[in-house]
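Have a look at the structure below, then the notes.
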Amino acid sequence: MTHDHTPAVTHLGDIPDEDLDQALDLVYLAFHLTPADKTHAYYRQLLRKGTRIGVRDSGRLAGVAGAHRLTLSVPGGQLPCAALDFVSVAPTHRRRGVLTSMIGELWRRCAADGQPLACLWASESAIYGRYGFAAATETCRVEIDSFRPLALRIAPDRRPLRLLDPTEAPALLAARYDASLAHRAGRFTRDEAWWREHVLDLDGARGGADRGGLGPVRVVALGAHGEPPGGYAIYRTRPAHDGGPGAVAVAELEAESAPAAAALWSYLAAIDLTSTVRIGARPADDPLLYLAADRDQVRVTGQKPCLWLRLVDVRAALCARSWAAPAALVLDLRDGELPANAGRFRLTASLDGATWEPTAEDPDLSLDVRELSAVYLGGTPLRRFAHAGLVTEHTPGAVRRLDAALETDRLPFTADND
């Protein structure tokens, strides 16, 4: 006799507040986590404030997905974005369509909430490509050998440096961070709660002070008291231990100019009783890599995809961004998840904006929404996908014309992570 172990019919819907702990228990099961009470409270609040989608089997949650309602910088502007998080499926319900049903519900909610973009940080990248997500930003890990003074090719900004009380940092640093959004796509706007809880981890709920023996968060700003900071750095330090050197771990650095950045990097590399500076996430075109007089002293120790992006409403996304050069191209776009995006469209881009209209004309390019999502922020040239056989060029030069139109002055970069 055979037995059918297929679960009972599941139900898709919201996760009410009273089931948040049950939802997080499923997240911890899926990701093998045992968080401290303080961290659990942080996750609970984070999940409570966002969109919550659940799949139930016999009344119990078998799948969970959350989405933060964020705003993402794109070339020339900002757009609402659903940032997918807490995605978990019970091990007893894998390969039963649970994730697919939750993603489908996410698309419906994005449309209802006016969110033309969705994003995530992929723990298993192979899963999300089939839903149209693609890596749209990259980050570099960088290490500075600070055993000797940091040698730079330009003179640092001479304004004074001062340490800030971290509790006062959000109000003092927000304007400098906000100014950076116009220069790099891929960054999220922040409210005070995001600064305090996610960026600075002021109550230690994210475990920042416990990671690798690091001390409390420190904030240094460039500029005298009472004037807007020309830049800042958020960092922690670790003393020498077990024969290992003291280290500085930099979480974030923003500067209005190259000399301002030089002043901050020089400060971090000169902190007493440390001999290395480690930066977990920097742009692939970080000026530091060119400021260094000795590239053996400033090394890229790793590079990886960061933010995965999905164009949920292709028309809205393309018409909202700026364009570096004019282009008039017909794109045959595939989208197996969202049929409204699929078809043949004429993209007419100019320095004043863009239109995206259905057409019966022969295509210049054929591609999947996954590749269009990858190039949307300007970080990856479309020609790389064409060389890989993932984009078909029907009209010679079409790929290069679209690349020229999508180009941005600086590569996109995502500092925040999940």
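Following the order of the structure tokens, chains are lettered A, B, ..., residues in each are numbered from 1, and ligands are numbered from 1.
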What's around stretch 280-284 of chain A at 8 Å? Count only C-alpha atoms, leave out sequence neighbours fewer than 6 positions away in its own chain, and write the answer as a PyMOL selection string.
chain A and resi 138-142+249-252+303+411-413+415
Using DSSP on the backbone, list every residue of stretch 118-327 of chain A that comes out as strand (DSSP E), and give them as number ranges by chain.
A: 118-120, 134-135, 138-145, 161-164, 218-222, 231-238, 247-255, 276-282, 298-305, 308-311, 327
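Residues surrounding A:Arg52 within 10 Å are Gly13, Asp14, Ile15, Pro16, Asp17, Leu20, Ala23, Leu47, Arg48, Val64, Ala65, Gly66, Ala67, His68, Leu84, Asp85, Phe86, Met102 and Leu106 of chain A [only C-alpha atoms; sequence separation below 4 positions excluded].
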Which one of A:Ser73, A:Leu402, A:Arg370, A:Leu264 sits closest to A:Leu390 if you count only C-alpha atoms?
A:Arg370
Set out as CSV a contact list for stretch 50-143 of chain A and stretch 333-340 of chain A with a cut-off of 10 Å, giving each residue of stretch 50-143 of chain A that qualifies its closest atom pair and distance in Å to one decimal, counting only C-alpha atoms, ordered by chain and rising residue number.
```
residue,atom,partner,partner_atom,distance
A:Thr100,CA,A:Glu337,CA,9.7
A:Ile103,CA,A:Glu337,CA,9.3
A:Gly104,CA,A:Glu337,CA,7.9
A:Trp107,CA,A:Leu338,CA,8.0
A:Arg108,CA,A:Leu338,CA,9.8
A:Arg130,CA,A:Gly336,CA,8.5
A:Tyr131,CA,A:Glu337,CA,6.4
A:Gly132,CA,A:Asp335,CA,7.4
```
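With only C-alpha atoms as the atoms that count, the residue of A:Leu24, A:Ala118, A:Leu70, A:Leu12 with the shortest distance to A:Ser58 is A:Leu12.
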Figure out the distance between atom CA of A:Thr274 and atom CA of A:Asp242, please, to one decimal in Å.
14.0 Å
Taking 4 positions as the minimum chain separation for residues in the same chain, which residues sit within 8 Å of A:Val220 when counting only C-alpha atoms? Answer as a ChimeraX atom specification.
/A:161-164,232-234
Would you mind exporting all heavy atoms of the selected residues as a PDB file, in the first residue's frame?
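selection_24.pdb, freshly written:
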```pdb
ATOM      1  N   LEU A 161      38.172  66.769  12.821  1.00  0.00           N
ATOM      2  CA  LEU A 161      37.379  65.564  13.011  1.00  0.00           C
ATOM      3  C   LEU A 161      36.864  65.537  14.443  1.00  0.00           C
ATOM      4  O   LEU A 161      37.561  65.960  15.368  1.00  0.00           O
ATOM      5  CB  LEU A 161      38.218  64.320  12.734  1.00  0.00           C
ATOM      6  CG  LEU A 161      38.612  64.095  11.274  1.00  0.00           C
ATOM      7  CD1 LEU A 161      39.839  63.201  11.188  1.00  0.00           C
ATOM      8  CD2 LEU A 161      37.459  63.480  10.499  1.00  0.00           C
ATOM      9  N   ARG A 162      35.667  65.037  14.631  1.00  0.00           N
ATOM     10  CA  ARG A 162      35.116  64.951  15.991  1.00  0.00           C
ATOM     11  C   ARG A 162      34.287  63.680  16.129  1.00  0.00           C
ATOM     12  O   ARG A 162      33.630  63.239  15.184  1.00  0.00           O
ATOM     13  CB  ARG A 162      34.265  66.178  16.322  1.00  0.00           C
ATOM     14  CG  ARG A 162      33.100  66.415  15.380  1.00  0.00           C
ATOM     15  CD  ARG A 162      32.513  67.808  15.582  1.00  0.00           C
ATOM     16  NE  ARG A 162      31.461  68.097  14.624  1.00  0.00           N
ATOM     17  CZ  ARG A 162      30.161  68.011  14.881  1.00  0.00           C
ATOM     18  NH1 ARG A 162      29.755  67.658  16.087  1.00  0.00           N
ATOM     19  NH2 ARG A 162      29.261  68.282  13.957  1.00  0.00           N
ATOM     20  N   LEU A 163      34.358  63.101  17.317  1.00  0.00           N
ATOM     21  CA  LEU A 163      33.554  61.932  17.623  1.00  0.00           C
ATOM     22  C   LEU A 163      32.163  62.381  18.066  1.00  0.00           C
ATOM     23  O   LEU A 163      32.027  63.326  18.851  1.00  0.00           O
ATOM     24  CB  LEU A 163      34.212  61.097  18.712  1.00  0.00           C
ATOM     25  CG  LEU A 163      35.465  60.333  18.283  1.00  0.00           C
ATOM     26  CD1 LEU A 163      36.195  59.774  19.497  1.00  0.00           C
ATOM     27  CD2 LEU A 163      35.098  59.202  17.330  1.00  0.00           C
ATOM     28  N   LEU A 164      31.133  61.699  17.570  1.00  0.00           N
ATOM     29  CA  LEU A 164      29.759  62.025  17.901  1.00  0.00           C
ATOM     30  C   LEU A 164      29.197  61.016  18.883  1.00  0.00           C
ATOM     31  O   LEU A 164      29.578  59.840  18.878  1.00  0.00           O
ATOM     32  CB  LEU A 164      28.879  62.009  16.643  1.00  0.00           C
ATOM     33  CG  LEU A 164      29.280  62.908  15.478  1.00  0.00           C
ATOM     34  CD1 LEU A 164      28.283  62.743  14.340  1.00  0.00           C
ATOM     35  CD2 LEU A 164      29.358  64.360  15.909  1.00  0.00           C
ATOM     36  N   TYR A 232      31.379  61.307   7.188  1.00  0.00           N
ATOM     37  CA  TYR A 232      31.347  60.599   8.465  1.00  0.00           C
ATOM     38  C   TYR A 232      31.728  59.141   8.229  1.00  0.00           C
ATOM     39  O   TYR A 232      31.685  58.642   7.106  1.00  0.00           O
ATOM     40  CB  TYR A 232      29.954  60.673   9.110  1.00  0.00           C
ATOM     41  CG  TYR A 232      28.877  59.937   8.352  1.00  0.00           C
ATOM     42  CD1 TYR A 232      28.655  58.564   8.547  1.00  0.00           C
ATOM     43  CD2 TYR A 232      28.072  60.590   7.416  1.00  0.00           C
ATOM     44  CE1 TYR A 232      27.678  57.879   7.835  1.00  0.00           C
ATOM     45  CE2 TYR A 232      27.092  59.913   6.702  1.00  0.00           C
ATOM     46  CZ  TYR A 232      26.903  58.563   6.922  1.00  0.00           C
ATOM     47  OH  TYR A 232      25.938  57.879   6.212  1.00  0.00           O
ATOM     48  N   ALA A 233      32.093  58.490   9.320  1.00  0.00           N
ATOM     49  CA  ALA A 233      32.353  57.051   9.287  1.00  0.00           C
ATOM     50  C   ALA A 233      31.740  56.415  10.523  1.00  0.00           C
ATOM     51  O   ALA A 233      31.795  56.990  11.619  1.00  0.00           O
ATOM     52  CB  ALA A 233      33.848  56.761   9.228  1.00  0.00           C
ATOM     53  N   ILE A 234      31.149  55.249  10.348  1.00  0.00           N
ATOM     54  CA  ILE A 234      30.596  54.456  11.443  1.00  0.00           C
ATOM     55  C   ILE A 234      31.460  53.210  11.551  1.00  0.00           C
ATOM     56  O   ILE A 234      31.663  52.494  10.556  1.00  0.00           O
ATOM     57  CB  ILE A 234      29.127  54.081  11.166  1.00  0.00           C
ATOM     58  CG1 ILE A 234      28.275  55.343  11.013  1.00  0.00           C
ATOM     59  CG2 ILE A 234      28.571  53.195  12.277  1.00  0.00           C
ATOM     60  CD1 ILE A 234      26.857  55.066  10.516  1.00  0.00           C
TER      61      ILE A 234
END
```
Please give the complete set of residues from stretch 216-274 of chain A that DSSP, run on the backbone, assigns to alpha helix (DSSP H), formatted as a PyMOL selection string.
chain A and resi 258-269
Next, write the just-selected residues to a file, as a PDB file, in the first residue's frame, keeping N, CA and C atoms as the atom set.
```pdb
ATOM      1  N   ALA A 258      36.501  63.779  -2.536  1.00  0.00           N
ATOM      2  CA  ALA A 258      37.651  62.896  -2.354  1.00  0.00           C
ATOM      3  C   ALA A 258      38.541  63.349  -1.191  1.00  0.00           C
ATOM      4  N   PRO A 259      38.838  64.660  -1.040  1.00  0.00           N
ATOM      5  CA  PRO A 259      39.629  65.058   0.129  1.00  0.00           C
ATOM      6  C   PRO A 259      38.941  64.749   1.454  1.00  0.00           C
ATOM      7  N   ALA A 260      37.610  64.866   1.501  1.00  0.00           N
ATOM      8  CA  ALA A 260      36.886  64.521   2.724  1.00  0.00           C
ATOM      9  C   ALA A 260      37.013  63.036   3.018  1.00  0.00           C
ATOM     10  N   ALA A 261      36.879  62.209   1.982  1.00  0.00           N
ATOM     11  CA  ALA A 261      37.061  60.773   2.171  1.00  0.00           C
ATOM     12  C   ALA A 261      38.488  60.465   2.627  1.00  0.00           C
ATOM     13  N   ALA A 262      39.455  61.148   2.054  1.00  0.00           N
ATOM     14  CA  ALA A 262      40.858  60.927   2.424  1.00  0.00           C
ATOM     15  C   ALA A 262      41.088  61.228   3.899  1.00  0.00           C
ATOM     16  N   ALA A 263      40.449  62.275   4.402  1.00  0.00           N
ATOM     17  CA  ALA A 263      40.598  62.622   5.816  1.00  0.00           C
ATOM     18  C   ALA A 263      40.032  61.526   6.712  1.00  0.00           C
ATOM     19  N   LEU A 264      38.890  60.975   6.337  1.00  0.00           N
ATOM     20  CA  LEU A 264      38.265  59.929   7.155  1.00  0.00           C
ATOM     21  C   LEU A 264      39.052  58.628   7.100  1.00  0.00           C
ATOM     22  N   TRP A 265      39.507  58.231   5.903  1.00  0.00           N
ATOM     23  CA  TRP A 265      40.290  57.003   5.802  1.00  0.00           C
ATOM     24  C   TRP A 265      41.611  57.144   6.564  1.00  0.00           C
ATOM     25  N   SER A 266      42.218  58.324   6.501  1.00  0.00           N
ATOM     26  CA  SER A 266      43.474  58.543   7.235  1.00  0.00           C
ATOM     27  C   SER A 266      43.255  58.409   8.733  1.00  0.00           C
ATOM     28  N   TYR A 267      42.139  58.933   9.212  1.00  0.00           N
ATOM     29  CA  TYR A 267      41.805  58.822  10.635  1.00  0.00           C
ATOM     30  C   TYR A 267      41.644  57.362  11.034  1.00  0.00           C
ATOM     31  N   LEU A 268      40.868  56.604  10.262  1.00  0.00           N
ATOM     32  CA  LEU A 268      40.594  55.216  10.607  1.00  0.00           C
ATOM     33  C   LEU A 268      41.870  54.373  10.594  1.00  0.00           C
ATOM     34  N   ALA A 269      42.760  54.681   9.664  1.00  0.00           N
ATOM     35  CA  ALA A 269      44.005  53.912   9.549  1.00  0.00           C
ATOM     36  C   ALA A 269      45.027  54.296  10.612  1.00  0.00           C
TER      37      ALA A 269
END
```
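We find atom CA of A:Leu202 and atom CA of A:Pro166 to be spaced 7.5 Å apart.
Atom pair atom CA of A:Leu172 / atom CA of A:Asp203 has a distance of 18.9 Å (rounded to one decimal).
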